[in-house]
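Please read the structure below before turning to the comments.
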Amino acid sequence: MLWKTLMAAALLAGAAWSQANPPQKRPPMPRYRSKITIYDLAAKTSRTLYQADQVMEAPNWSRDGKFLLVNTNGNLYRLPVSGEAKLEQITLGEGGYRCNNDHDLSRDGGMLAFSANFAPSRVSQVFVANADGTGVKLLTPVATASYFHGWAPDGKWLAFVGQRDNKFELFRVPVGGGPEERLTSKGGYDDGPEYSPDGKWIYFNSNRTGSWRVWRMPATGAGPNDVKAEQVTDNELEDWFPHISPDGKQMLVFAFPKGTENHNGKMEGVVLRIMATPGAKITLPAKMTEVVKFYGGQGTINVNSWSPDSKKFAFVIYEPLP
C-alpha cells in the first residue's frame, strides 16, 4: 500500500513539474531562396540562371561548357547553361549517397569526384565515379570525415581535407585507389585544396596565422612542419576557397567578414574578389579587386566554378525566407 501511495505521489509530482516546465520548442530551421548566378568578367554583370526556394549549392562548370553540376537535398544534378534551365538528376550507383557541396568533374570531363554520406554511415567520405554516376568507388576511410576539393590536372590524384586526430588537415589520394598521403601537418584547420592548372601547386585556406588566409604548397605536400607552405593573401577579411581560372591567370577568392570563425553559416557581406595568380615569388599584400558583395556563405562557391574559357564563373546567392 505504501509503495502505491509513493508511486501516485511521484506521478502527481511529475505531472506538476511537466505543466510548470513545458518542453521548449526548437526554433524553426532557416529557409533560403537560392539563386544560381553567372558572373561575366568582361561585361561586369551577373545573371540568375536558376532559382528555387530551397538550398542549392556549389555549381561546377562542365568541361564542355554546357551545364553546371549542383547539389540539393543530397542529390547531384546537371543544370543546362543555355536553353531550358531544368534540373537533371545524376543517379549515383544504386543510391544511398547523400551528397554535400564538394564535387567536380575531372579535367577531361570523363570522371566525377564527390563527397557524401553513404547509408548507414553519417560521416562524409570521398568517392569517384564515371561522369554519368556509374561505377562509384570509395577512396577514403569510413571512420573519419573527408571532403573532396580538387582534381590533379593529370587526373591521377584527388586533393581533400580530412578530419584526423581532431584537426582538419590536407591529403591526397590516388584516383585508382590506395593509401592517403598527408600534405599538411602544422595548421589548426586547413581547407579547400585546389591544384593549379599546371599541376605545380596546391592552393588552400588556413587559419594557421589566427585569421583565414590563402596559402599554397608544392603539389607533393608542404614538407616537414609545413616549411614549404607560403602565405598568399593578407587583408582584413577572412579568405576561403581559392579558385584558379583554367588559363591559370586569375584566382577567385571567397571571403567572409572579419572575425567570422568558419564557413558554415550564411550571412550578409560575403565577398568574391579576384587577383592575379601568383608567380614564382609572392608579394604581400596581394592586390585584390572586389567583384561582387552579397548574402551568401556555405554552398556559395565551395569548389572551382570557372567556365572553361576563363571568362565567367558561377556561384549561389541566398535570400532568407520567412
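Chain labels run A, B, ... following the order of the C-alpha cells; each chain numbers its residues from 1, and ligands are numbered from 1 in the order shown.
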Taking 5 positions as the minimum chain separation for residues in the same chain, which residues sit within 12 Å of Phe160 (chain A) when counting only C-alpha atoms? Answer as an mmCIF file with C-alpha atoms, in the first residue's frame.
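Output saved as part-v4.cif:
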data_model
loop_
_atom_site.group_PDB
_atom_site.id
_atom_site.type_symbol
_atom_site.label_atom_id
_atom_site.label_comp_id
_atom_site.auth_asym_id
_atom_site.auth_seq_id
_atom_site.Cartn_x
_atom_site.Cartn_y
_atom_site.Cartn_z
ATOM 1 C CA ASP A 102 32.061 19.207 -52.585
ATOM 2 C CA HIS A 103 32.054 17.754 -56.102
ATOM 3 C CA ALA A 113 34.553 13.117 -57.709
ATOM 4 C CA PHE A 114 32.166 13.881 -54.877
ATOM 5 C CA SER A 115 31.772 13.824 -51.102
ATOM 6 C CA SER A 124 31.343 12.383 -45.198
ATOM 7 C CA GLN A 125 33.597 10.315 -47.443
ATOM 8 C CA VAL A 126 35.226 10.892 -50.838
ATOM 9 C CA PHE A 127 34.063 8.900 -53.854
ATOM 10 C CA LEU A 139 38.574 6.339 -51.799
ATOM 11 C CA THR A 140 38.804 7.464 -48.150
ATOM 12 C CA ALA A 145 35.281 12.776 -42.119
ATOM 13 C CA SER A 146 36.742 13.613 -45.541
ATOM 14 C CA TYR A 147 35.716 16.259 -48.085
ATOM 15 C CA PHE A 148 36.835 16.361 -51.726
ATOM 16 C CA HIS A 149 38.108 19.645 -53.160
ATOM 17 C CA GLY A 150 40.337 19.275 -56.204
ATOM 18 C CA TRP A 151 41.401 17.140 -59.164
ATOM 19 C CA ALA A 152 45.052 16.950 -60.184
ATOM 20 C CA PHE A 168 41.388 19.296 -40.361
ATOM 21 C CA GLU A 169 44.478 18.715 -42.494
ATOM 22 C CA LEU A 170 45.047 18.255 -46.224
ATOM 23 C CA PHE A 171 45.617 14.971 -48.039
ATOM 24 C CA ARG A 172 45.749 13.463 -51.479
ATOM 25 C CA VAL A 173 44.674 10.008 -52.619
ATOM 26 C CA PRO A 174 45.222 8.115 -55.903
ATOM 27 C CA VAL A 175 42.130 8.089 -58.106
ATOM 28 C CA GLU A 180 46.003 8.585 -48.463
ATOM 29 C CA GLU A 181 49.076 10.838 -48.268
ATOM 30 C CA ARG A 182 49.222 13.711 -45.795
ATOM 31 C CA LEU A 183 50.077 17.091 -47.344
ATOM 32 C CA THR A 184 49.959 19.429 -44.310
ATOM 33 C CA ASP A 190 43.307 23.733 -43.336
ATOM 34 C CA ASP A 191 40.660 23.510 -46.061
ATOM 35 C CA GLY A 192 39.827 23.992 -49.751
ATOM 36 C CA PRO A 193 42.841 22.393 -51.502
ATOM 37 C CA GLU A 194 42.869 23.083 -55.245
ATOM 38 C CA TYR A 195 45.534 22.315 -57.856
ATOM 39 C CA ILE A 202 48.018 23.256 -54.369
ATOM 40 C CA TYR A 203 46.307 26.407 -53.095
ATOM 41 C CA PHE A 204 44.276 26.244 -49.871
ATOM 42 C CA VAL A 303 34.717 24.004 -55.378
#
All residues 12 Å or closer to Ser310 (chain A), only C-alpha atoms, same chain fewer than 4 positions away omitted, as a ChimeraX atom specification: /A:39-42,61,63,65,197,243-252,304-306,314
Pick from A:Glu268, A:Asp309, A:Glu88, A:Glu319 nearest to Phe294 (chain A), counting only C-alpha atoms: A:Glu268
Separation of CA of Gln298 (chain A) from CA of Glu94 (chain A), in Å and rounded to one decimal: 28.1 Å
Region 255-261 of chain A environment, 9 Å, only C-alpha atoms, sequence neighbours closer than 3 positions dropped, as a ChimeraX atom specification: /A:211-212,236-241,264,267-273,297
Selected residues written out with N, CA and C atoms, as a short mmCIF file (atom, residue, chain, number, x, y, z; two decimals), in the first residue's frame:
data_model
loop_
_atom_site.label_atom_id
_atom_site.label_comp_id
_atom_site.auth_asym_id
_atom_site.auth_seq_id
_atom_site.Cartn_x
_atom_site.Cartn_y
_atom_site.Cartn_z
N SER A 211 43.95 34.20 -38.49
CA SER A 211 42.86 34.60 -39.37
C SER A 211 42.92 33.73 -40.62
N TRP A 212 41.81 33.69 -41.36
CA TRP A 212 41.77 32.85 -42.55
C TRP A 212 42.47 33.54 -43.71
N GLU A 236 41.99 42.35 -44.42
CA GLU A 236 41.09 42.47 -43.28
C GLU A 236 39.94 41.46 -43.28
N LEU A 237 39.75 40.75 -44.40
CA LEU A 237 38.65 39.79 -44.46
C LEU A 237 39.15 38.38 -44.16
N GLU A 238 38.23 37.43 -44.12
CA GLU A 238 38.56 36.02 -43.86
C GLU A 238 38.48 35.26 -45.19
N ASP A 239 39.63 34.90 -45.75
CA ASP A 239 39.70 34.33 -47.10
C ASP A 239 39.53 32.81 -47.10
N TRP A 240 38.64 32.34 -47.98
CA TRP A 240 38.36 30.91 -48.13
C TRP A 240 38.36 30.53 -49.61
N PHE A 241 38.55 29.26 -49.86
CA PHE A 241 38.30 28.61 -51.14
C PHE A 241 38.87 29.36 -52.36
N ASN A 264 30.50 27.90 -42.15
CA ASN A 264 29.30 27.08 -42.06
C ASN A 264 27.99 27.86 -42.17
N MET A 267 25.26 34.66 -44.50
CA MET A 267 25.23 35.99 -43.92
C MET A 267 25.35 37.07 -44.98
N GLU A 268 25.01 38.29 -44.59
CA GLU A 268 25.22 39.45 -45.45
C GLU A 268 26.69 39.82 -45.44
N GLY A 269 27.18 40.36 -46.55
CA GLY A 269 28.53 40.93 -46.57
C GLY A 269 29.64 39.99 -47.00
N VAL A 270 29.29 38.81 -47.56
CA VAL A 270 30.36 37.97 -48.11
C VAL A 270 30.78 38.57 -49.44
N VAL A 271 32.03 38.30 -49.84
CA VAL A 271 32.61 38.97 -51.00
C VAL A 271 33.35 37.97 -51.88
N LEU A 272 33.22 38.15 -53.18
CA LEU A 272 34.07 37.45 -54.14
C LEU A 272 35.04 38.47 -54.70
N ARG A 273 36.33 38.14 -54.57
CA ARG A 273 37.38 39.04 -55.07
C ARG A 273 38.28 38.27 -56.02
N GLY A 297 27.35 32.28 -48.30
CA GLY A 297 28.06 31.52 -47.28
C GLY A 297 28.27 30.09 -47.70
#
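Computed from the coordinates, the CA of Lys186 (chain A) to CA of Arg208 (chain A) distance equals 7.7 Å.
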Lys66 (chain A) surroundings by only C-alpha atoms, 7 Å radius, close-in-sequence under 3 positions cut, as a PyMOL selection string: chain A and resi 62+80-81
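If you look at CA of Arg122 (chain A) and CA of Leu92 (chain A), they are 17.3 Å away from each other.
Residue neighbourhood of Gly133 (chain A), excluding near-sequence residues (fewer than 3 positions): Ile90, Thr91, Leu92, Gly93, Ala129, Asn130 and Val136 of chain A, at 7 Å, using only C-alpha atoms.
Take the candidates A:Gly265, A:Gly210, A:Gly96, A:Pro285 and check each one against Thr300 (chain A) using only C-alpha atoms; the shortest distance goes to A:Gly265.
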Spatial neighbours of Ile282 (chain A), 10 Å, only C-alpha atoms, chain gap at least 6 places, as a PyMOL selection string: chain A and resi 230-233
Those residues with N, CA and C atoms, as a PDB file, in the first residue's frame please?
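Below you can see again.pdb, which holds the result:
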ATOM      1  N   GLU A 230      53.442  28.574 -48.281  1.00  0.00           N
ATOM      2  CA  GLU A 230      53.645  30.004 -48.464  1.00  0.00           C
ATOM      3  C   GLU A 230      52.318  30.740 -48.349  1.00  0.00           C
ATOM      4  N   GLN A 231      52.310  31.838 -47.599  1.00  0.00           N
ATOM      5  CA  GLN A 231      51.110  32.646 -47.477  1.00  0.00           C
ATOM      6  C   GLN A 231      50.909  33.484 -48.730  1.00  0.00           C
ATOM      7  N   VAL A 232      49.657  33.516 -49.233  1.00  0.00           N
ATOM      8  CA  VAL A 232      49.360  34.192 -50.499  1.00  0.00           C
ATOM      9  C   VAL A 232      48.576  35.475 -50.299  1.00  0.00           C
ATOM     10  N   THR A 233      47.651  35.525 -49.326  1.00  0.00           N
ATOM     11  CA  THR A 233      46.859  36.732 -49.091  1.00  0.00           C
ATOM     12  C   THR A 233      47.032  37.218 -47.665  1.00  0.00           C
TER      13      THR A 233
END
Picked from region 144-190 of chain A by DSSP as strand (DSSP E), as a PyMOL selection string: chain A and resi 146-151+157-164+167-174+181-182+190
Exercise: Lys167 (chain A) partners within 7 Å, only C-alpha atoms, chain neighbours under 2 positions left out, as a ChimeraX atom specification: /A:163-165,169,188-189
Export of prior selection with N, CA and C atoms as a short mmCIF file (atom, residue, chain, number, x, y, z; two decimals), in the first residue's frame:
data_model
loop_
_atom_site.label_atom_id
_atom_site.label_comp_id
_atom_site.auth_asym_id
_atom_site.auth_seq_id
_atom_site.Cartn_x
_atom_site.Cartn_y
_atom_site.Cartn_z
N GLN A 163 39.42 15.13 -41.48
CA GLN A 163 39.49 15.33 -40.04
C GLN A 163 40.19 14.13 -39.43
N ARG A 164 41.41 14.38 -38.98
CA ARG A 164 42.22 13.33 -38.39
C ARG A 164 42.77 13.84 -37.05
N ASP A 165 42.62 13.07 -36.00
CA ASP A 165 43.12 13.47 -34.67
C ASP A 165 42.56 14.84 -34.27
N GLU A 169 43.25 18.58 -41.73
CA GLU A 169 44.48 18.71 -42.49
C GLU A 169 44.22 18.31 -43.94
N GLY A 188 46.02 24.45 -37.68
CA GLY A 188 44.94 24.03 -36.81
C GLY A 188 43.73 23.62 -37.61
N TYR A 189 43.55 24.27 -38.75
CA TYR A 189 42.43 23.99 -39.64
C TYR A 189 42.82 24.43 -41.04
#
Nearest-residue call for Ala143 (chain A), choices A:Ala85, A:Ala131, A:Val123, A:Val161, using only C-alpha atoms: A:Val123
